[in-house]
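What follows is start_24.cif (mmCIF, C-alpha atoms).
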```cif
data_final
#
loop_
_atom_site.label_atom_id
_atom_site.label_comp_id
_atom_site.auth_asym_id
_atom_site.auth_seq_id
_atom_site.Cartn_x
_atom_site.Cartn_y
_atom_site.Cartn_z
CA MET A 1 -72.00 21.04 11.50
CA ARG A 2 -73.20 17.75 11.83
CA TYR A 3 -74.28 16.02 8.71
CA PRO A 4 -75.65 12.47 8.85
CA THR A 5 -72.09 11.67 9.66
CA ASP A 6 -71.24 13.04 12.43
CA ARG A 7 -69.30 20.37 13.77
CA GLY A 8 -69.34 18.75 10.90
CA ARG A 9 -68.19 17.62 7.53
CA PHE A 10 -71.93 17.70 7.07
CA ALA A 11 -72.91 19.22 10.37
CA PHE A 12 -72.95 17.97 9.79
CA PRO A 13 -71.02 17.19 10.67
CA LEU A 14 -70.37 14.26 11.78
CA LEU A 15 -70.26 14.46 13.50
CA LEU A 16 -70.45 10.61 11.69
CA ALA A 17 -67.69 9.86 9.24
CA ILE A 18 -68.68 9.73 5.56
CA LEU A 19 -65.70 8.85 3.40
CA VAL A 20 -64.64 10.73 0.29
CA TYR A 21 -63.62 8.76 -2.79
CA PHE A 22 -61.73 10.38 -5.62
CA ALA A 23 -60.14 7.75 -7.83
CA GLY A 24 -58.66 10.11 -10.35
CA CYS A 25 -62.18 11.45 -10.86
CA THR A 26 -62.90 14.62 -12.76
CA GLY A 27 -66.12 15.54 -10.98
CA VAL A 28 -66.84 18.14 -8.32
CA PRO A 29 -65.35 17.87 -4.82
CA SER A 30 -66.92 15.37 -2.48
CA THR A 31 -66.47 15.43 1.28
CA THR A 32 -67.92 15.45 4.78
CA GLN A 33 -67.69 17.90 7.67
CA SER A 34 -65.00 15.95 9.29
CA SER A 35 -63.77 13.06 7.20
CA SER A 36 -62.28 12.21 3.80
CA THR A 37 -60.77 9.36 1.76
CA THR A 38 -58.43 9.06 -1.21
CA GLN A 39 -58.66 6.22 -3.70
CA SER A 40 -55.05 5.08 -3.66
CA SER A 41 -52.12 5.99 -1.51
CA ALA A 42 -48.76 4.73 -0.33
CA CYS A 43 -50.19 5.05 3.17
CA SER A 44 -52.47 2.01 2.89
CA GLY A 45 -55.34 2.07 5.38
CA CYS A 46 -53.86 4.96 7.38
CA GLN A 47 -56.13 7.23 9.40
CA PHE A 48 -55.36 10.67 10.79
CA VAL A 49 -57.04 13.25 13.00
CA TYR A 50 -56.17 16.89 12.29
CA ALA A 51 -56.62 19.63 14.88
CA THR A 52 -56.49 23.40 14.89
CA THR A 53 -55.19 24.97 18.10
CA ASN A 54 -55.59 28.09 20.19
CA SER A 55 -51.93 29.05 19.69
CA GLY A 56 -51.56 28.34 15.97
CA PRO A 57 -49.93 24.98 15.15
CA LEU A 58 -51.96 22.52 13.08
CA LEU A 59 -51.62 19.05 14.59
CA ASP A 60 -51.65 15.73 12.73
CA PHE A 61 -52.41 12.65 14.91
CA PRO A 62 -52.15 9.12 13.48
CA ILE A 63 -54.93 6.80 14.65
CA THR A 64 -53.34 3.73 16.20
CA SER A 65 -54.34 0.09 15.75
CA THR A 66 -56.22 0.27 19.08
CA GLY A 67 -58.29 3.25 17.93
CA GLY A 68 -56.43 5.84 20.00
CA LEU A 69 -54.24 8.74 18.91
CA GLY A 70 -50.49 8.59 18.45
CA ALA A 71 -48.01 11.41 18.98
CA PRO A 72 -48.78 14.36 16.67
CA THR A 73 -46.62 16.18 14.17
CA SER A 74 -47.25 19.88 13.59
CA ILE A 75 -47.03 22.70 11.08
CA ALA A 76 -47.55 26.44 11.56
CA GLY A 77 -51.16 27.49 11.15
CA PRO A 78 -53.68 30.17 12.13
CA ALA A 79 -54.36 30.61 15.85
CA GLY A 80 -57.87 30.19 17.19
CA SER A 81 -59.31 28.54 14.10
CA THR A 82 -62.69 26.84 14.66
CA GLY A 83 -63.19 25.62 11.10
CA LEU A 84 -61.38 23.00 9.05
CA ILE A 85 -62.54 20.73 6.28
CA THR A 86 -60.93 18.26 3.88
CA LEU A 87 -61.79 17.88 0.21
CA SER A 88 -60.49 16.83 -3.17
CA PRO A 89 -60.50 19.71 -5.67
CA SER A 90 -62.25 19.01 -8.98
CA GLY A 91 -60.10 17.15 -11.47
CA ALA A 92 -57.20 16.76 -9.02
CA ALA A 93 -56.44 13.04 -8.97
CA GLN A 94 -54.66 11.86 -5.82
CA GLN A 95 -54.90 15.31 -4.20
CA LEU A 96 -56.48 15.97 -0.83
CA ASP A 97 -56.46 19.43 0.74
CA LEU A 98 -57.24 20.77 4.19
CA TYR A 99 -59.06 24.13 4.30
CA VAL A 100 -58.64 26.06 7.57
CA SER A 101 -60.33 29.25 8.74
CA ASP A 102 -57.99 32.08 9.76
CA PRO A 103 -59.82 34.46 12.14
CA GLN A 104 -56.90 36.86 12.61
CA ASN A 105 -56.57 37.55 8.89
CA ARG A 106 -60.26 36.98 8.06
CA ALA A 107 -59.39 34.42 5.41
CA ILE A 108 -59.36 30.73 4.44
CA ARG A 109 -56.00 28.98 4.21
CA VAL A 110 -55.24 25.80 2.25
CA TYR A 111 -52.88 22.93 3.08
CA THR A 112 -52.03 19.83 1.05
CA ILE A 113 -52.24 16.42 2.77
CA SER A 114 -49.45 13.99 1.88
CA SER A 115 -50.73 10.65 0.58
CA VAL A 116 -47.55 9.03 1.90
CA ASP A 117 -47.66 9.93 5.60
CA GLY A 118 -50.60 12.32 6.05
CA ARG A 119 -48.43 15.32 6.83
CA LEU A 120 -49.45 18.86 5.92
CA LEU A 121 -47.74 21.33 3.61
CA PRO A 122 -48.90 24.86 2.68
CA ALA A 123 -50.71 24.70 -0.67
CA SER A 124 -49.66 26.78 -3.66
CA VAL A 125 -53.00 28.61 -3.59
CA GLY A 126 -54.48 31.03 -1.06
CA PRO A 127 -55.10 32.51 1.39
CA PHE A 128 -58.58 33.63 0.32
CA PRO A 129 -60.09 36.62 2.18
CA LEU A 130 -63.75 36.74 3.19
CA GLY A 131 -64.08 40.29 1.93
CA SER A 132 -64.64 43.63 3.61
CA GLY A 133 -67.27 43.68 6.34
CA ASN A 134 -67.80 39.92 6.43
CA GLY A 135 -66.40 39.38 9.93
CA THR A 136 -64.16 36.47 10.90
CA PRO A 137 -64.55 32.91 9.54
CA GLY A 138 -65.65 29.94 11.64
CA GLU A 139 -67.13 26.56 10.79
CA MET A 140 -67.25 25.41 7.15
CA VAL A 141 -69.32 22.91 5.16
CA LEU A 142 -69.21 21.76 1.54
CA ILE A 143 -72.11 21.13 -0.87
CA GLY A 144 -71.01 19.89 -4.28
CA ALA A 145 -68.31 22.29 -5.43
CA VAL A 146 -69.31 25.13 -3.11
CA LEU A 147 -67.70 25.86 0.27
CA TYR A 148 -69.85 27.69 2.84
CA VAL A 149 -68.24 29.59 5.72
CA ALA A 150 -70.00 30.82 8.86
CA ASN A 151 -68.74 34.27 9.79
CA SER A 152 -69.05 36.46 12.86
CA ALA A 153 -70.90 39.21 10.99
CA GLY A 154 -74.01 37.01 11.00
CA SER A 155 -73.81 35.85 7.42
CA ILE A 156 -72.61 32.92 5.33
CA THR A 157 -69.84 33.40 2.77
CA ALA A 158 -69.92 31.03 -0.22
CA PHE A 159 -66.98 30.09 -2.45
CA ASN A 160 -66.73 27.99 -5.60
CA VAL A 161 -63.91 25.44 -5.27
CA ASN A 162 -61.89 25.45 -8.51
CA GLY A 163 -59.92 22.58 -10.01
CA ASP A 164 -56.62 23.88 -8.64
CA GLY A 165 -58.06 24.23 -5.12
CA SER A 166 -58.49 27.99 -5.33
CA LEU A 167 -61.68 29.72 -4.16
CA THR A 168 -63.84 32.30 -5.96
CA SER A 169 -66.90 34.00 -4.56
CA VAL A 170 -70.40 32.73 -5.41
CA ALA A 171 -72.71 35.37 -6.90
CA GLY A 172 -74.80 36.99 -4.17
CA SER A 173 -72.44 35.99 -1.36
CA PRO A 174 -72.46 36.65 1.57
CA PHE A 175 -75.97 35.48 2.53
CA ALA A 176 -77.57 36.99 5.62
CA ALA A 177 -78.21 34.74 8.62
CA GLY A 178 -78.43 35.82 12.29
CA GLY A 179 -76.38 37.22 15.15
CA GLY A 180 -73.46 35.24 16.54
CA LEU A 181 -73.59 32.65 13.75
CA SER A 182 -71.53 29.68 14.96
CA HIS A 183 -72.37 26.32 13.36
CA LEU A 184 -73.69 25.10 10.01
CA ALA A 185 -75.51 21.92 9.04
CA VAL A 186 -76.28 20.46 5.64
CA THR A 187 -78.88 17.79 4.95
CA PRO A 188 -80.34 16.44 1.71
CA SER A 189 -84.12 16.37 1.76
CA SER A 190 -85.50 12.92 2.64
CA THR A 191 -88.72 13.65 0.73
CA VAL A 192 -87.85 15.90 -2.24
CA PRO A 193 -85.29 14.64 -4.82
CA ASN A 194 -82.29 16.83 -5.72
CA THR A 195 -82.99 19.19 -2.83
CA THR A 196 -80.52 20.19 -0.14
CA PHE A 197 -81.02 22.41 2.89
CA LEU A 198 -78.47 24.41 4.90
CA TYR A 199 -79.09 25.44 8.53
CA ALA A 200 -77.22 28.07 10.57
CA ALA A 201 -77.16 28.40 14.36
CA ASN A 202 -77.67 32.05 15.38
CA THR A 203 -76.10 31.84 18.83
CA ALA A 204 -76.54 35.51 19.76
CA ASP A 205 -80.14 35.83 18.55
CA PRO A 206 -82.40 36.48 21.59
CA ARG A 207 -84.85 33.92 20.20
CA GLY A 208 -82.12 31.30 19.89
CA SER A 209 -83.01 30.96 16.24
CA ILE A 210 -81.96 28.75 13.36
CA SER A 211 -81.75 30.19 9.83
CA ALA A 212 -82.82 27.76 7.10
CA PHE A 213 -81.91 27.91 3.41
CA ASN A 214 -82.65 26.04 0.21
CA VAL A 215 -79.42 25.52 -1.76
CA THR A 216 -79.79 26.34 -5.47
CA PRO A 217 -77.78 24.54 -8.20
CA SER A 218 -75.58 27.64 -8.56
CA GLY A 219 -74.75 27.62 -4.85
CA ARG A 220 -76.93 30.56 -3.88
CA LEU A 221 -78.86 30.33 -0.61
CA LEU A 222 -82.58 31.10 -0.61
CA PRO A 223 -84.29 31.55 2.80
CA VAL A 224 -86.86 28.86 3.60
CA PRO A 225 -90.38 30.24 4.25
CA GLY A 226 -90.75 31.03 7.96
CA SER A 227 -86.99 31.27 8.56
CA PRO A 228 -85.48 31.90 11.06
CA PHE A 229 -87.05 29.31 13.38
CA ALA A 230 -86.97 29.92 17.15
CA THR A 231 -85.75 27.33 19.65
CA ARG A 232 -86.03 28.87 23.13
CA SER A 233 -85.47 32.44 24.32
CA GLY A 234 -81.75 33.01 24.99
CA ALA A 235 -80.97 29.34 24.31
CA GLY A 236 -77.73 29.98 22.35
CA PRO A 237 -77.90 27.27 19.63
CA GLU A 238 -74.57 25.72 18.66
CA GLY A 239 -73.73 22.34 17.08
CA PHE A 240 -76.06 20.33 14.82
CA TYR A 241 -76.77 16.72 13.98
CA SER A 242 -79.09 15.66 11.15
CA SER A 243 -80.50 12.18 10.63
CA GLY A 244 -82.14 13.15 7.32
CA GLN A 245 -85.76 13.63 8.36
CA TYR A 246 -84.88 15.22 11.70
CA LEU A 247 -82.59 18.04 12.80
CA TYR A 248 -81.09 18.32 16.29
CA VAL A 249 -79.29 21.36 17.71
CA ALA A 250 -77.36 21.84 20.96
CA LEU A 251 -78.68 24.67 23.14
CA GLN A 252 -75.68 25.88 25.13
CA ASN A 253 -77.49 28.30 27.44
CA ALA A 254 -80.52 26.04 27.98
CA ASN A 255 -78.46 22.90 28.72
CA ALA A 256 -80.63 20.97 26.29
CA VAL A 257 -81.05 19.51 22.79
CA ALA A 258 -83.77 20.88 20.50
CA ALA A 259 -85.29 18.48 17.96
CA PHE A 260 -87.20 19.26 14.77
CA THR A 261 -88.92 17.54 11.87
CA ILE A 262 -87.62 18.83 8.52
CA GLY A 263 -90.49 19.72 6.19
CA ASN A 264 -90.60 19.25 2.43
CA ASP A 265 -89.62 22.91 2.03
CA GLY A 266 -86.91 22.79 4.71
CA SER A 267 -89.07 24.35 7.42
CA LEU A 268 -88.63 23.16 11.00
CA THR A 269 -91.34 21.89 13.36
CA ALA A 270 -90.44 21.11 16.98
CA LEU A 271 -90.86 17.47 18.05
CA PRO A 272 -92.99 16.62 21.11
CA GLY A 273 -90.96 17.05 24.28
CA SER A 274 -88.34 19.27 22.65
CA PRO A 275 -86.00 20.57 23.92
CA TYR A 276 -84.66 17.54 25.78
CA PRO A 277 -82.55 18.06 28.94
CA ALA A 278 -78.79 17.54 28.63
CA GLY A 279 -75.87 18.80 30.76
CA GLY A 280 -74.28 22.14 31.50
CA GLY A 281 -73.25 24.06 28.40
CA THR A 282 -74.47 21.65 25.69
CA PHE A 283 -72.31 22.54 22.69
CA SER A 284 -71.65 19.73 20.21
CA LEU A 285 -73.71 16.85 18.78
CA ASN A 286 -72.80 13.60 17.05
CA GLY A 287 -74.77 10.50 16.20
CA ALA A 288 -74.46 6.92 14.94
CA ASN A 289 -76.32 3.59 15.03
CA GLY A 290 -79.55 5.27 16.08
CA PHE A 291 -77.95 7.12 19.01
CA LEU A 292 -77.24 10.80 19.66
CA PHE A 293 -74.32 12.07 21.77
CA ALA A 294 -74.28 15.59 23.25
CA THR A 295 -71.05 17.07 24.59
CA ASN A 296 -71.69 19.37 27.56
CA ASN A 297 -68.77 21.82 27.74
CA LEU A 298 -69.38 23.33 31.17
CA ALA A 299 -70.29 20.08 32.92
CA GLY A 300 -67.51 18.10 31.27
CA THR A 301 -69.93 15.29 30.38
CA ILE A 302 -71.46 13.49 27.39
CA SER A 303 -75.21 12.85 27.35
CA SER A 304 -76.45 9.86 25.32
CA TYR A 305 -79.88 9.36 23.75
CA ARG A 306 -81.68 6.75 21.69
CA ILE A 307 -83.32 8.19 18.54
CA ASP A 308 -86.75 6.76 17.74
CA PRO A 309 -86.50 6.00 13.99
CA SER A 310 -90.20 6.62 13.34
CA SER A 311 -90.71 9.80 15.38
CA GLY A 312 -87.23 11.26 15.95
CA ILE A 313 -88.01 11.59 19.67
CA LEU A 314 -85.02 11.25 22.03
CA THR A 315 -84.93 8.87 25.00
CA PRO A 316 -82.10 9.56 27.50
CA ILE A 317 -79.67 6.68 28.06
CA GLY A 318 -77.20 8.13 30.52
CA VAL A 319 -74.36 10.57 31.16
CA SER A 320 -70.63 9.83 31.13
CA LEU A 321 -68.04 11.79 33.06
CA PRO A 322 -64.94 12.47 30.90
CA SER A 323 -62.55 12.77 33.85
CA GLY A 324 -63.55 16.42 34.30
CA SER A 325 -62.34 17.46 30.84
CA VAL A 326 -63.80 20.66 29.41
CA ALA A 327 -64.38 20.59 25.65
CA SER A 328 -62.83 23.47 23.71
CA GLY A 329 -64.41 22.58 20.36
CA ASP A 330 -66.76 20.19 18.62
CA THR A 331 -66.55 16.47 19.28
CA LEU A 332 -65.40 14.25 16.39
CA TYR A 333 -66.97 10.83 15.73
CA ALA A 334 -64.56 8.32 14.15
CA ASN A 335 -64.73 4.52 13.91
CA GLY A 336 -67.24 4.23 16.73
CA ASN A 337 -65.20 6.53 18.98
CA LEU A 338 -65.72 10.10 20.16
CA PHE A 339 -62.78 12.51 20.40
CA VAL A 340 -63.18 15.63 22.53
CA PRO A 341 -60.61 18.47 22.29
CA ASP A 342 -59.60 19.98 25.64
CA ALA A 343 -57.38 23.04 25.15
CA SER A 344 -57.07 23.70 28.89
CA SER A 345 -55.22 20.42 29.45
CA LEU A 346 -53.51 20.24 26.02
CA THR A 347 -55.16 16.88 25.35
CA ILE A 348 -57.81 15.13 23.27
CA GLU A 349 -60.10 12.88 25.29
CA GLY A 350 -61.21 9.63 23.62
CA PHE A 351 -64.36 7.57 24.24
CA GLU A 352 -65.71 4.37 22.75
CA THR A 353 -69.44 4.04 22.11
CA ASP A 354 -71.40 0.79 22.42
CA PRO A 355 -73.23 0.24 19.07
CA ASN A 356 -75.96 -1.75 20.82
CA THR A 357 -76.66 0.28 23.97
CA GLY A 358 -75.28 3.75 23.15
CA GLU A 359 -73.22 3.75 26.34
CA VAL A 360 -70.02 5.81 26.33
CA ARG A 361 -66.80 4.59 27.98
CA LEU A 362 -63.29 6.04 28.24
CA LEU A 363 -61.01 4.82 25.45
CA PRO A 364 -57.85 3.01 26.64
CA GLY A 365 -54.89 5.41 26.68
CA SER A 366 -57.08 8.50 26.93
CA PRO A 367 -56.44 11.40 27.28
CA PHE A 368 -54.06 11.74 24.34
CA PRO A 369 -51.40 14.47 24.70
CA ALA A 370 -51.29 17.39 22.26
CA SER A 371 -48.46 19.88 21.89
CA ALA A 372 -50.91 22.81 21.84
CA GLY A 373 -54.51 23.46 22.88
CA PRO A 374 -56.76 21.66 20.35
CA LEU A 375 -59.95 23.28 19.02
CA ALA A 376 -61.54 21.93 15.81
CA LEU A 377 -60.97 18.32 14.67
CA ALA A 378 -61.23 16.53 11.29
CA LEU A 379 -60.71 12.92 10.18
CA VAL A 380 -58.97 11.57 7.07
CA VAL A 381 -59.06 7.87 6.10
CA PHE A 382 -56.89 6.39 3.35
CA PRO A 383 -58.16 3.14 1.79
CA VAL A 384 -56.36 -0.15 1.99
CA VAL A 385 -54.30 -0.62 -1.17
CA ASP A 386 -54.20 -4.07 -2.75
CA SER A 387 -50.55 -5.13 -2.84
CA THR A 388 -51.19 -6.97 -6.12
CA GLY A 389 -51.90 -3.67 -7.85
CA GLY A 390 -55.66 -3.45 -7.46
CA ASN A 391 -57.62 -1.34 -4.91
#
```
Let me see whether you can do it: turn the structure in this file into structure tokens.
Amino acid sequence: MRYPTDRGRFAFPLLLAILVYFAGCTGVPSTTQSSSTTQSSACSGCQFVYATTNSGPLLDFPITSTGGLGAPTSIAGPAGSTGLITLSPSGAAQQLDLYVSDPQNRAIRVYTISSVDGRLLPASVGPFPLGSGNGTPGEMVLIGAVLYVANSAGSITAFNVNGDGSLTSVAGSPFAAGGGLSHLAVTPSSTVPNTTFLYAANTADPRGSISAFNVTPSGRLLPVPGSPFATRSGAGPEGFYSSGQYLYVALQNANAVAAFTIGNDGSLTALPGSPYPAGGGTFSLNGANGFLFATNNLAGTISSYRIDPSSGILTPIGVSLPSGSVASGDTLYANGNLFVPDASSLTIEGFETDPNTGEVRLLPGSPFPASAGPLALALVVFPVVDSTGGN
């Protein structure tokens, strides 16, 4: 998912790093698709990238002073996971957890993130099963205190996040979406106060459709009138990026990016010229500084676009060639850089983006070695702690 951050954490992911602050707060969890922040920590100013892998280990990469990735540590985790998300459970001061989808056991697992060195430990709660007939879990997003999980059965499972980090099912869950559901996106309405929409990419739907929902205060999902909305026949929609008024979705089989205006009721209307050409196997989207970046898995490239702020229309900038790397999961945006997991080479490719031109260049030191094939990525940022005792 790409939220006006950046697969993710609001599809929003992302893709796109919105920081999470929880200074001993007692409110509901706050988070993004792929990034989080604690209020105080012994690890002052530290940043980490977490990765699921095709073989099971969860990897923890420190971000270096040059913006690259250091050598990872690892802990046993679920193999083939395509969903991970960080959040602070309600009322849990100084606690940050990592939630990871477990496709083999059709469940969600929880890990605690150390505030000292960022390392992972299995949490005292979980795992939490999706329930009979709900398929296998994939990408996850969070809205308030509710965690939404895309599952292979073509529906969305919703959990309330409790104060101890445990999960309980939302009434009415799961909520029907479409075939081959892969990615989720969350965006607050830019025109209607206190209104949030959730979008689901129905990859296997012959119409290449997107399911749209209005999120109720209780966490239930109500279909938006006219949902699902078609993109292009057989297009295979995947990753999202939302800039608030506009929603963009990668079309893997059409090698393109579809663009929509988001209506007051959450309905989608295609922008003029949509879909816009990209590269082979367009899979993941991220955006920042008025630019959109599309990762093309089959071509091993990144397409860059300028977003017109008044119309949402995309203007192509150029295409970068990531040394032939083939993305195995969604691209993470962090500190002006893009990180692309490549399971085939056991590396994460890094790119820096020009905030003025939108150009993409290889990050010094890239590719960064991983000890297993990386899939999904998430960012955690700890704040700088004032040595005098303040924050």
request  = Could you give me, as a PyMOL selection string, the residues within 6 Å of Phe351 (chain A), counting only C-alpha atoms and dropping anything in the same chain fewer than 5 positions from it?
outcome  = chain A and resi 337-338+361-363
task = With the file shown as input, list the residues that the PyMOL selection byres ((chain A and resi 307-309) around 10) selects, as a list in words.
result = Ser243, Gln245, Tyr246, Gly287, Ala288, Asn289, Gly290, Phe291, Leu292, Ser304, Tyr305, Arg306, Ser310, Ser311, Gly312, Ile313, Leu314, Thr315 and Pro316 of chain A
Grab the residues selected above and save them as a short mmCIF file (atom, residue, chain, number, x, y, z; two decimals), in the coordinates of the input with C-alpha atoms.
```
data_model
loop_
_atom_site.label_atom_id
_atom_site.label_comp_id
_atom_site.auth_asym_id
_atom_site.auth_seq_id
_atom_site.Cartn_x
_atom_site.Cartn_y
_atom_site.Cartn_z
CA SER A 243 -80.50 12.18 10.63
CA GLN A 245 -85.76 13.63 8.36
CA TYR A 246 -84.88 15.22 11.70
CA GLY A 287 -74.77 10.50 16.20
CA ALA A 288 -74.46 6.92 14.94
CA ASN A 289 -76.32 3.59 15.03
CA GLY A 290 -79.55 5.27 16.08
CA PHE A 291 -77.95 7.12 19.01
CA LEU A 292 -77.24 10.80 19.66
CA SER A 304 -76.45 9.86 25.32
CA TYR A 305 -79.88 9.36 23.75
CA ARG A 306 -81.68 6.75 21.69
CA SER A 310 -90.20 6.62 13.34
CA SER A 311 -90.71 9.80 15.38
CA GLY A 312 -87.23 11.26 15.95
CA ILE A 313 -88.01 11.59 19.67
CA LEU A 314 -85.02 11.25 22.03
CA THR A 315 -84.93 8.87 25.00
CA PRO A 316 -82.10 9.56 27.50
#
```
ask   = Which distance in Å separates CA of Gly280 (chain A) and CA of Gly83 (chain A), to one decimal?
value =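 Result for CA of Gly280 (chain A) versus CA of Gly83 (chain A): 23.5 Å, one decimal.
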One-decimal distance in Å that lies between CA of Pro355 (chain A) and CA of Val141 (chain A) =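 Here the two named atoms are 26.9 Å from each other.
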What are the closest atom pairs, with distances in Å to one decimal, for each residue of region 216-282 of chain A lying within 10 Å of region 158-179 of chain A, using only C-alpha atoms, rows by chain and rising residue number, as a Markdown table?
```
| residue | atom | partner | partner_atom | distance |
| --- | --- | --- | --- | --- |
| A:Ser218 | CA | A:Val170 | CA | 7.9 |
| A:Gly219 | CA | A:Val170 | CA | 6.7 |
| A:Arg220 | CA | A:Gly172 | CA | 6.8 |
| A:Leu221 | CA | A:Phe175 | CA | 6.7 |
| A:Leu222 | CA | A:Phe175 | CA | 8.5 |
| A:Pro223 | CA | A:Ala177 | CA | 9.0 |
| A:Ser227 | CA | A:Ala177 | CA | 9.4 |
| A:Pro228 | CA | A:Gly178 | CA | 8.2 |
```
note = Using only C-alpha atoms, the residue out of A:Val381, A:Leu285, A:Ile302, A:Leu58 with shortest distance to Ala258 (chain A) is A:Leu285
query = Which residues, written as a PyMOL selection string, have at least one atom at most 12 Å from Thr301 (chain A), with all atoms listed in the file counted and residues fewer than 3 positions away on the same chain left out?
reply = chain A and resi 255+278-284+293-298+304+318-327+331+340+349+351+360-362
inquiry  = the PyMOL selection byres ((chain A and resi 69) around 12) - which residues does that actually catch in the file I just gave you? List them as a PyMOL selection string.
reply    = chain A and resi 47-51+59-68+70-73+334+337-340+347-351+363-370+379
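Using only C-alpha atoms, the smallest distance between any of A:Ile85, A:Ala343, A:Val149, A:Leu142 and Leu130 (chain A) comes from A:Val149.
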message = Can you measure CA of Leu98 (chain A) to CA of Thr82 (chain A) for me? One decimal in Å is fine.
response =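 Here the two named atoms are 13.3 Å from each other.
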task = Tell me which residues the PyMOL selection byres ((chain A and resi 235) around 7) grabs here, as a ChimeraX atom specification.
result = /A:208,231-234,236-237,251-254
Report the centre and edge lengths, in Å to one decimal, of an axis-aligned box enclosing every atom of region 222-226 of chain A listed in the file, padded by 5 Å on each side, as JSON.
```
{"center_x": -86.7, "center_y": 30.2, "center_z": 3.7, "size_x": 18.2, "size_y": 12.7, "size_z": 18.6}
```
ask   = Can you list, as a PyMOL selection string, every protein, DNA or RNA residue that comes within 8 Å of Pro78 (chain A) when you count all atoms listed in the file, leaving out same-chain residues fewer than 3 positions away?
value = chain A and resi 52+55-58+81+100-104
message = Restricting the calculation to all atoms listed in the file: of A:Gly226, A:Pro217, A:Gly131, A:Gly239, which residue gets closest to Leu181 (chain A)?
response =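 Closest residue, counting all atoms listed in the file: A:Gly239.
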